[in-house]
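First comes the structure, then the notes that go with it.
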Amino acid sequence: MNYLNRKLPTIKQLQCFLAVAHELNFRRAAERMLMTQPPLTRQIQCLEEMLDCSLFTRNTHQVYLTEVGVQFEKQARELINQLGHLVREINRESCTVKIGITRTLDSSLIPSIYPAFKLLDDTNVISSHQLISKQLLQMLGSGKLDIALVGEKPLSHLQEFSFYWLYREPLMLALPSFHPASLNDRVSLKDVADLPLYWFSRKANPGFYGKCEAYFQKLPFPLKRIPKPDDSLIMLANIARGKGMALMPQSMCVSMRKGLCYRKLDKSDNDIGYYCHFCGITGSFIILRKT
């Protein structure tokens, strides 16, 4: 039982080490691990202190594995793979499919997958979670989920996960029904530029956020953004009182109340759908871990 008293590297330390060894760049490795750079650096430093050796040679421009680091990478990768295999085998024996769905999508309105989800749910072999995309990716990466359904293909984890495009639907504009623009069947962002846009934070979905912000910066008029409440019903109630507007997938535009309406976006804004799945088209990706 001596192994119980020995101080050993944590799984997190090994994962951080392997991320840096793969990227040879601390910033990209942090993005891959869905964390900021300082805590990742601390994990590597603690690992090197425990091993009493340097695993990387660093300078201001590049990062290299030391000879010890090269050997340690092979062993660490094998340990992580063995542990991952063990977890997957245990999960298979539980006969439960763990599915994560981003809270911005309603899976019941996705015809390509809902019948299968409903069948699994009826036979009690499905466990679902509704979280933001970043949390779903973290759970998928740690083996706590088998499948994740998100609205945007993330920029990280491209080597670990397989992505499959499922469906497309238009983004709608939720706005006050007494706003002059609501008289039109289609609305341009320019027509509602006097209203602030309820908008999410970068950390919730970095890839989608960056694409949208890049487009906003190109608009010939200012577009004010205000923090989006966690509760969408509170946001829609504020919109009904004239406090702002929001962009929402068509499948989520089901809540009706006095003072609130939904409108399609004008074709002038639809053009940017090809650029960032923003105004013309939104949709979802289903993500699986690569075996």
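Letters for chains follow the order of the structure tokens (A, B, ...), residue numbers begin at 1 for each chain, and ligand numbers begin at 1 in the order shown.
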Which residues come within 10 Å of Arg27 (chain A), counting only C-alpha atoms, excluding same-chain residues fewer than 6 positions away, as a VMD selection string?
chain A and resid 20 33 35 to 38 40 to 41
Keeping C-alpha atoms for every residue in the selection just given, could you write it to a file as a short mmCIF file (atom, residue, chain, number, x, y, z; two decimals), in the first residue's frame?
data_model
loop_
_atom_site.label_atom_id
_atom_site.label_comp_id
_atom_site.auth_asym_id
_atom_site.auth_seq_id
_atom_site.Cartn_x
_atom_site.Cartn_y
_atom_site.Cartn_z
CA VAL A 20 1.80 22.09 -23.78
CA MET A 33 -7.61 23.12 -21.83
CA MET A 35 -8.42 27.69 -18.95
CA THR A 36 -6.30 30.82 -18.69
CA GLN A 37 -2.52 30.72 -19.04
CA PRO A 38 -1.42 31.51 -15.43
CA LEU A 40 -1.80 26.21 -16.58
CA THR A 41 1.72 27.52 -16.01
#
Skipping near chain neighbours, those fewer than 4 positions away, what residues fall within 10 Å of Lys134 (chain A) using only C-alpha atoms, listed as a ChimeraX atom specification?
/A:34,102,138-140,150,154,203-206
- Message: With distances taken over only C-alpha atoms, which residue among A:Leu223, A:Leu173, A:Leu8, A:Leu24 lies nearest Lys190 (chain A)?
- Response: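 Closest candidate: A:Leu223.
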- CA of Leu55 (chain A) to CA of Gly69 (chain A): how many Å, to one decimal?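 Taking CA of Leu55 (chain A) as the start and CA of Gly69 (chain A) as the end point, the length is 4.2 Å.
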Close residues, Gln45 (chain A) itself excluded, 12 Å, only C-alpha atoms, min 3 positions apart in chain, as JSON, numbers by chain:
{"A": [9, 13, 14, 16, 17, 38, 39, 40, 41, 42, 48, 49, 50, 51, 52, 53, 54, 55, 56]}
Export of prior selection with N, CA, C and O atoms as a PDB file, in the first residue's frame:
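Ended up saving to result-v7.pdb:
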ATOM      1  N   PRO A   9       1.863  12.912  -9.356  1.00  0.00           N
ATOM      2  CA  PRO A   9       1.252  13.969 -10.169  1.00  0.00           C
ATOM      3  C   PRO A   9      -0.254  13.765 -10.266  1.00  0.00           C
ATOM      4  O   PRO A   9      -0.746  12.626 -10.259  1.00  0.00           O
ATOM      5  N   GLN A  13      -2.443  17.838 -13.848  1.00  0.00           N
ATOM      6  CA  GLN A  13      -1.067  18.197 -14.183  1.00  0.00           C
ATOM      7  C   GLN A  13      -0.604  17.457 -15.439  1.00  0.00           C
ATOM      8  O   GLN A  13       0.038  18.047 -16.313  1.00  0.00           O
ATOM      9  N   LEU A  14      -0.938  16.184 -15.523  1.00  0.00           N
ATOM     10  CA  LEU A  14      -0.549  15.404 -16.711  1.00  0.00           C
ATOM     11  C   LEU A  14      -1.250  15.936 -17.960  1.00  0.00           C
ATOM     12  O   LEU A  14      -0.641  16.027 -19.031  1.00  0.00           O
ATOM     13  N   CYS A  16      -2.367  19.005 -18.485  1.00  0.00           N
ATOM     14  CA  CYS A  16      -1.758  20.299 -18.835  1.00  0.00           C
ATOM     15  C   CYS A  16      -0.404  20.099 -19.504  1.00  0.00           C
ATOM     16  O   CYS A  16      -0.076  20.769 -20.490  1.00  0.00           O
ATOM     17  N   PHE A  17       0.391  19.176 -18.967  1.00  0.00           N
ATOM     18  CA  PHE A  17       1.699  18.887 -19.565  1.00  0.00           C
ATOM     19  C   PHE A  17       1.535  18.403 -21.002  1.00  0.00           C
ATOM     20  O   PHE A  17       2.244  18.859 -21.912  1.00  0.00           O
ATOM     21  N   PRO A  38      -2.106  31.591 -16.726  1.00  0.00           N
ATOM     22  CA  PRO A  38      -1.417  31.510 -15.426  1.00  0.00           C
ATOM     23  C   PRO A  38      -1.660  30.209 -14.667  1.00  0.00           C
ATOM     24  O   PRO A  38      -0.687  29.586 -14.194  1.00  0.00           O
ATOM     25  N   PRO A  39      -2.911  29.731 -14.516  1.00  0.00           N
ATOM     26  CA  PRO A  39      -3.077  28.456 -13.782  1.00  0.00           C
ATOM     27  C   PRO A  39      -2.465  27.269 -14.508  1.00  0.00           C
ATOM     28  O   PRO A  39      -1.987  26.327 -13.862  1.00  0.00           O
ATOM     29  N   LEU A  40      -2.461  27.289 -15.837  1.00  0.00           N
ATOM     30  CA  LEU A  40      -1.803  26.208 -16.577  1.00  0.00           C
ATOM     31  C   LEU A  40      -0.307  26.218 -16.296  1.00  0.00           C
ATOM     32  O   LEU A  40       0.309  25.170 -16.078  1.00  0.00           O
ATOM     33  N   THR A  41       0.286  27.406 -16.295  1.00  0.00           N
ATOM     34  CA  THR A  41       1.722  27.518 -16.005  1.00  0.00           C
ATOM     35  C   THR A  41       2.033  27.004 -14.607  1.00  0.00           C
ATOM     36  O   THR A  41       3.042  26.319 -14.390  1.00  0.00           O
ATOM     37  N   ARG A  42       1.147  27.305 -13.642  1.00  0.00           N
ATOM     38  CA  ARG A  42       1.366  26.832 -12.262  1.00  0.00           C
ATOM     39  C   ARG A  42       1.296  25.307 -12.201  1.00  0.00           C
ATOM     40  O   ARG A  42       2.055  24.681 -11.447  1.00  0.00           O
ATOM     41  N   GLU A  48       6.930  20.007 -12.425  1.00  0.00           N
ATOM     42  CA  GLU A  48       8.394  19.998 -12.529  1.00  0.00           C
ATOM     43  C   GLU A  48       9.044  19.973 -11.145  1.00  0.00           C
ATOM     44  O   GLU A  48      10.068  19.313 -10.956  1.00  0.00           O
ATOM     45  N   GLU A  49       8.437  20.690 -10.185  1.00  0.00           N
ATOM     46  CA  GLU A  49       8.982  20.676  -8.820  1.00  0.00           C
ATOM     47  C   GLU A  49       8.857  19.284  -8.202  1.00  0.00           C
ATOM     48  O   GLU A  49       9.764  18.806  -7.513  1.00  0.00           O
ATOM     49  N   MET A  50       7.738  18.620  -8.464  1.00  0.00           N
ATOM     50  CA  MET A  50       7.530  17.278  -7.930  1.00  0.00           C
ATOM     51  C   MET A  50       8.523  16.289  -8.526  1.00  0.00           C
ATOM     52  O   MET A  50       9.081  15.429  -7.827  1.00  0.00           O
ATOM     53  N   LEU A  51       8.772  16.423  -9.840  1.00  0.00           N
ATOM     54  CA  LEU A  51       9.698  15.522 -10.525  1.00  0.00           C
ATOM     55  C   LEU A  51      11.155  15.932 -10.339  1.00  0.00           C
ATOM     56  O   LEU A  51      12.065  15.173 -10.676  1.00  0.00           O
ATOM     57  N   ASP A  52      11.355  17.170  -9.842  1.00  0.00           N
ATOM     58  CA  ASP A  52      12.696  17.724  -9.617  1.00  0.00           C
ATOM     59  C   ASP A  52      13.507  17.759 -10.915  1.00  0.00           C
ATOM     60  O   ASP A  52      14.689  17.394 -10.948  1.00  0.00           O
ATOM     61  N   CYS A  53      12.844  18.170 -11.990  1.00  0.00           N
ATOM     62  CA  CYS A  53      13.540  18.312 -13.268  1.00  0.00           C
ATOM     63  C   CYS A  53      12.709  19.212 -14.177  1.00  0.00           C
ATOM     64  O   CYS A  53      11.526  19.444 -13.925  1.00  0.00           O
ATOM     65  N   SER A  54      13.354  19.722 -15.209  1.00  0.00           N
ATOM     66  CA  SER A  54      12.668  20.571 -16.176  1.00  0.00           C
ATOM     67  C   SER A  54      12.125  19.720 -17.313  1.00  0.00           C
ATOM     68  O   SER A  54      12.839  18.877 -17.868  1.00  0.00           O
ATOM     69  N   LEU A  55      10.877  19.947 -17.647  1.00  0.00           N
ATOM     70  CA  LEU A  55      10.247  19.220 -18.748  1.00  0.00           C
ATOM     71  C   LEU A  55      10.268  20.027 -20.042  1.00  0.00           C
ATOM     72  O   LEU A  55      10.160  19.467 -21.133  1.00  0.00           O
ATOM     73  N   PHE A  56      10.406  21.347 -19.907  1.00  0.00           N
ATOM     74  CA  PHE A  56      10.425  22.234 -21.074  1.00  0.00           C
ATOM     75  C   PHE A  56      11.591  23.202 -20.988  1.00  0.00           C
ATOM     76  O   PHE A  56      12.006  23.611 -19.901  1.00  0.00           O
TER      77      PHE A  56
END
Residues near region 253-269 of chain A, cut-off 7 Å, only C-alpha atoms, skip fewer than 3 positions along chain, as a tab-separated table (two decimals) with N, CA, C and O atoms, in the first residue's frame:
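As written to disk, around.tsv reads:
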chain	number	residue	atom	x	y	z
A	172	MET	N	-33.66	35.05	-35.32
A	172	MET	CA	-34.73	36.05	-35.28
A	172	MET	C	-34.33	37.19	-34.36
A	172	MET	O	-33.45	37.04	-33.50
A	173	LEU	N	-34.99	38.32	-34.54
A	173	LEU	CA	-34.76	39.48	-33.68
A	173	LEU	C	-35.97	39.65	-32.76
A	173	LEU	O	-37.10	39.78	-33.23
A	174	ALA	N	-35.73	39.59	-31.47
A	174	ALA	CA	-36.78	39.88	-30.49
A	174	ALA	C	-36.70	41.36	-30.16
A	174	ALA	O	-35.65	41.86	-29.77
A	175	LEU	N	-37.80	42.08	-30.33
A	175	LEU	CA	-37.80	43.52	-30.11
A	175	LEU	C	-39.15	43.96	-29.56
A	175	LEU	O	-40.14	43.21	-29.63
A	176	PRO	N	-39.24	45.18	-29.02
A	176	PRO	CA	-40.52	45.69	-28.51
A	176	PRO	C	-41.53	45.83	-29.66
A	176	PRO	O	-41.18	46.32	-30.73
A	177	SER	N	-42.75	45.40	-29.43
A	177	SER	CA	-43.76	45.44	-30.49
A	177	SER	C	-44.19	46.86	-30.83
A	177	SER	O	-44.78	47.08	-31.89
A	178	PHE	N	-43.87	47.83	-29.95
A	178	PHE	CA	-44.24	49.22	-30.24
A	178	PHE	C	-43.11	49.98	-30.93
A	178	PHE	O	-43.26	51.17	-31.22
A	185	ASP	N	-42.00	43.16	-41.93
A	185	ASP	CA	-41.84	41.71	-41.82
A	185	ASP	C	-40.39	41.32	-41.56
A	185	ASP	O	-40.10	40.35	-40.87
A	186	ARG	N	-39.47	42.09	-42.14
A	186	ARG	CA	-38.05	41.90	-41.94
A	186	ARG	C	-37.43	43.18	-41.40
A	186	ARG	O	-37.83	44.28	-41.81
A	187	VAL	N	-36.47	43.02	-40.51
A	187	VAL	CA	-35.88	44.17	-39.83
A	187	VAL	C	-34.37	44.18	-40.03
A	187	VAL	O	-33.72	43.15	-39.90
A	188	SER	N	-33.82	45.35	-40.35
A	188	SER	CA	-32.37	45.52	-40.45
A	188	SER	C	-31.83	45.98	-39.10
A	188	SER	O	-32.53	46.67	-38.34
A	239	ILE	N	-37.32	43.29	-22.75
A	239	ILE	CA	-37.51	43.70	-24.15
A	239	ILE	C	-38.94	44.20	-24.35
A	239	ILE	O	-39.17	45.20	-25.03
A	240	ALA	N	-39.91	43.51	-23.76
A	240	ALA	CA	-41.31	43.91	-23.88
A	240	ALA	C	-41.55	45.30	-23.29
A	240	ALA	O	-42.48	46.01	-23.71
A	241	ARG	N	-40.70	45.71	-22.34
A	241	ARG	CA	-40.81	47.05	-21.75
A	241	ARG	C	-39.97	48.07	-22.49
A	241	ARG	O	-39.85	49.22	-22.04
A	248	MET	N	-32.07	35.62	-31.41
A	248	MET	CA	-32.40	34.31	-30.88
A	248	MET	C	-32.66	33.33	-32.02
A	248	MET	O	-33.22	33.70	-33.05
A	249	PRO	N	-32.26	32.05	-31.85
A	249	PRO	CA	-32.63	31.04	-32.84
A	249	PRO	C	-34.16	30.96	-32.96
A	249	PRO	O	-34.87	31.13	-31.96
A	250	GLN	N	-34.64	30.71	-34.15
A	250	GLN	CA	-36.09	30.68	-34.37
A	250	GLN	C	-36.79	29.69	-33.45
A	250	GLN	O	-37.90	29.95	-32.97
A	272	ILE	N	-24.28	38.24	-43.86
A	272	ILE	CA	-23.18	37.89	-42.97
A	272	ILE	C	-23.36	36.51	-42.38
A	272	ILE	O	-22.48	36.03	-41.68
A	279	CYS	N	-26.47	36.46	-38.56
A	279	CYS	CA	-27.80	36.97	-38.79
A	279	CYS	C	-28.63	36.10	-39.72
A	279	CYS	O	-29.84	36.00	-39.56
A	280	GLY	N	-28.02	35.49	-40.73
A	280	GLY	CA	-28.83	34.72	-41.66
A	280	GLY	C	-29.11	33.32	-41.18
A	280	GLY	O	-30.22	32.83	-41.27
| message | Report, in Å with one decimal, the straight-line distance from CA of Val87 (chain A) to CA of Gly143 (chain A). | response |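 CA of Gly143 (chain A) lies 7.2 Å from CA of Val87 (chain A).
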_strand (DSSP E or B) per DSSP on the backbone: members of region 238-272 of chain A, as a list in words_ =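 Checking each residue of region 238-272 of chain A, the strand (DSSP E or B) ones are Met245, Ala246, Leu247, Met248, Pro249, Leu260, Cys261, Tyr262, Arg263, Lys264 and Leu265 of chain A.
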Dump N, CA, C and O atoms for the selected residues as a PDB file, in the first residue's frame?
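Saved the output as out-v4.pdb:
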ATOM      1  N   MET A 245     -33.108  44.637 -27.181  1.00  0.00           N
ATOM      2  CA  MET A 245     -33.483  43.641 -28.185  1.00  0.00           C
ATOM      3  C   MET A 245     -32.531  42.454 -28.037  1.00  0.00           C
ATOM      4  O   MET A 245     -31.531  42.526 -27.323  1.00  0.00           O
ATOM      5  N   ALA A 246     -32.834  41.374 -28.745  1.00  0.00           N
ATOM      6  CA  ALA A 246     -31.988  40.181 -28.654  1.00  0.00           C
ATOM      7  C   ALA A 246     -32.068  39.392 -29.947  1.00  0.00           C
ATOM      8  O   ALA A 246     -33.094  39.407 -30.644  1.00  0.00           O
ATOM      9  N   LEU A 247     -30.976  38.705 -30.276  1.00  0.00           N
ATOM     10  CA  LEU A 247     -30.941  37.776 -31.406  1.00  0.00           C
ATOM     11  C   LEU A 247     -31.106  36.370 -30.861  1.00  0.00           C
ATOM     12  O   LEU A 247     -30.371  35.955 -29.959  1.00  0.00           O
ATOM     13  N   MET A 248     -32.073  35.624 -31.412  1.00  0.00           N
ATOM     14  CA  MET A 248     -32.397  34.311 -30.882  1.00  0.00           C
ATOM     15  C   MET A 248     -32.659  33.330 -32.015  1.00  0.00           C
ATOM     16  O   MET A 248     -33.218  33.704 -33.048  1.00  0.00           O
ATOM     17  N   PRO A 249     -32.262  32.050 -31.850  1.00  0.00           N
ATOM     18  CA  PRO A 249     -32.633  31.039 -32.840  1.00  0.00           C
ATOM     19  C   PRO A 249     -34.156  30.956 -32.956  1.00  0.00           C
ATOM     20  O   PRO A 249     -34.874  31.129 -31.960  1.00  0.00           O
ATOM     21  N   LEU A 260     -44.004  42.289 -26.820  1.00  0.00           N
ATOM     22  CA  LEU A 260     -42.874  41.558 -27.403  1.00  0.00           C
ATOM     23  C   LEU A 260     -43.263  41.004 -28.764  1.00  0.00           C
ATOM     24  O   LEU A 260     -44.379  40.525 -28.962  1.00  0.00           O
ATOM     25  N   CYS A 261     -42.344  41.076 -29.721  1.00  0.00           N
ATOM     26  CA  CYS A 261     -42.572  40.446 -31.019  1.00  0.00           C
ATOM     27  C   CYS A 261     -41.242  39.931 -31.569  1.00  0.00           C
ATOM     28  O   CYS A 261     -40.169  40.305 -31.093  1.00  0.00           O
ATOM     29  N   TYR A 262     -41.330  39.046 -32.557  1.00  0.00           N
ATOM     30  CA  TYR A 262     -40.154  38.479 -33.210  1.00  0.00           C
ATOM     31  C   TYR A 262     -40.230  38.799 -34.697  1.00  0.00           C
ATOM     32  O   TYR A 262     -41.301  38.695 -35.312  1.00  0.00           O
ATOM     33  N   ARG A 263     -39.102  39.169 -35.268  1.00  0.00           N
ATOM     34  CA  ARG A 263     -39.058  39.492 -36.683  1.00  0.00           C
ATOM     35  C   ARG A 263     -37.833  38.848 -37.333  1.00  0.00           C
ATOM     36  O   ARG A 263     -36.782  38.711 -36.701  1.00  0.00           O
ATOM     37  N   LYS A 264     -37.987  38.490 -38.615  1.00  0.00           N
ATOM     38  CA  LYS A 264     -36.856  37.995 -39.389  1.00  0.00           C
ATOM     39  C   LYS A 264     -35.927  39.151 -39.698  1.00  0.00           C
ATOM     40  O   LYS A 264     -36.333  40.308 -39.712  1.00  0.00           O
ATOM     41  N   LEU A 265     -34.675  38.828 -39.966  1.00  0.00           N
ATOM     42  CA  LEU A 265     -33.689  39.850 -40.281  1.00  0.00           C
ATOM     43  C   LEU A 265     -33.708  40.171 -41.767  1.00  0.00           C
ATOM     44  O   LEU A 265     -33.950  39.298 -42.606  1.00  0.00           O
TER      45      LEU A 265
END
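Neighbours of Arg58 (chain A) closer than or equal to 10 Å, with only C-alpha atoms counted and sequence neighbours fewer than 6 positions away skipped, come out as Leu24, Asn25, Tyr64, Leu65 and Thr66 of chain A.
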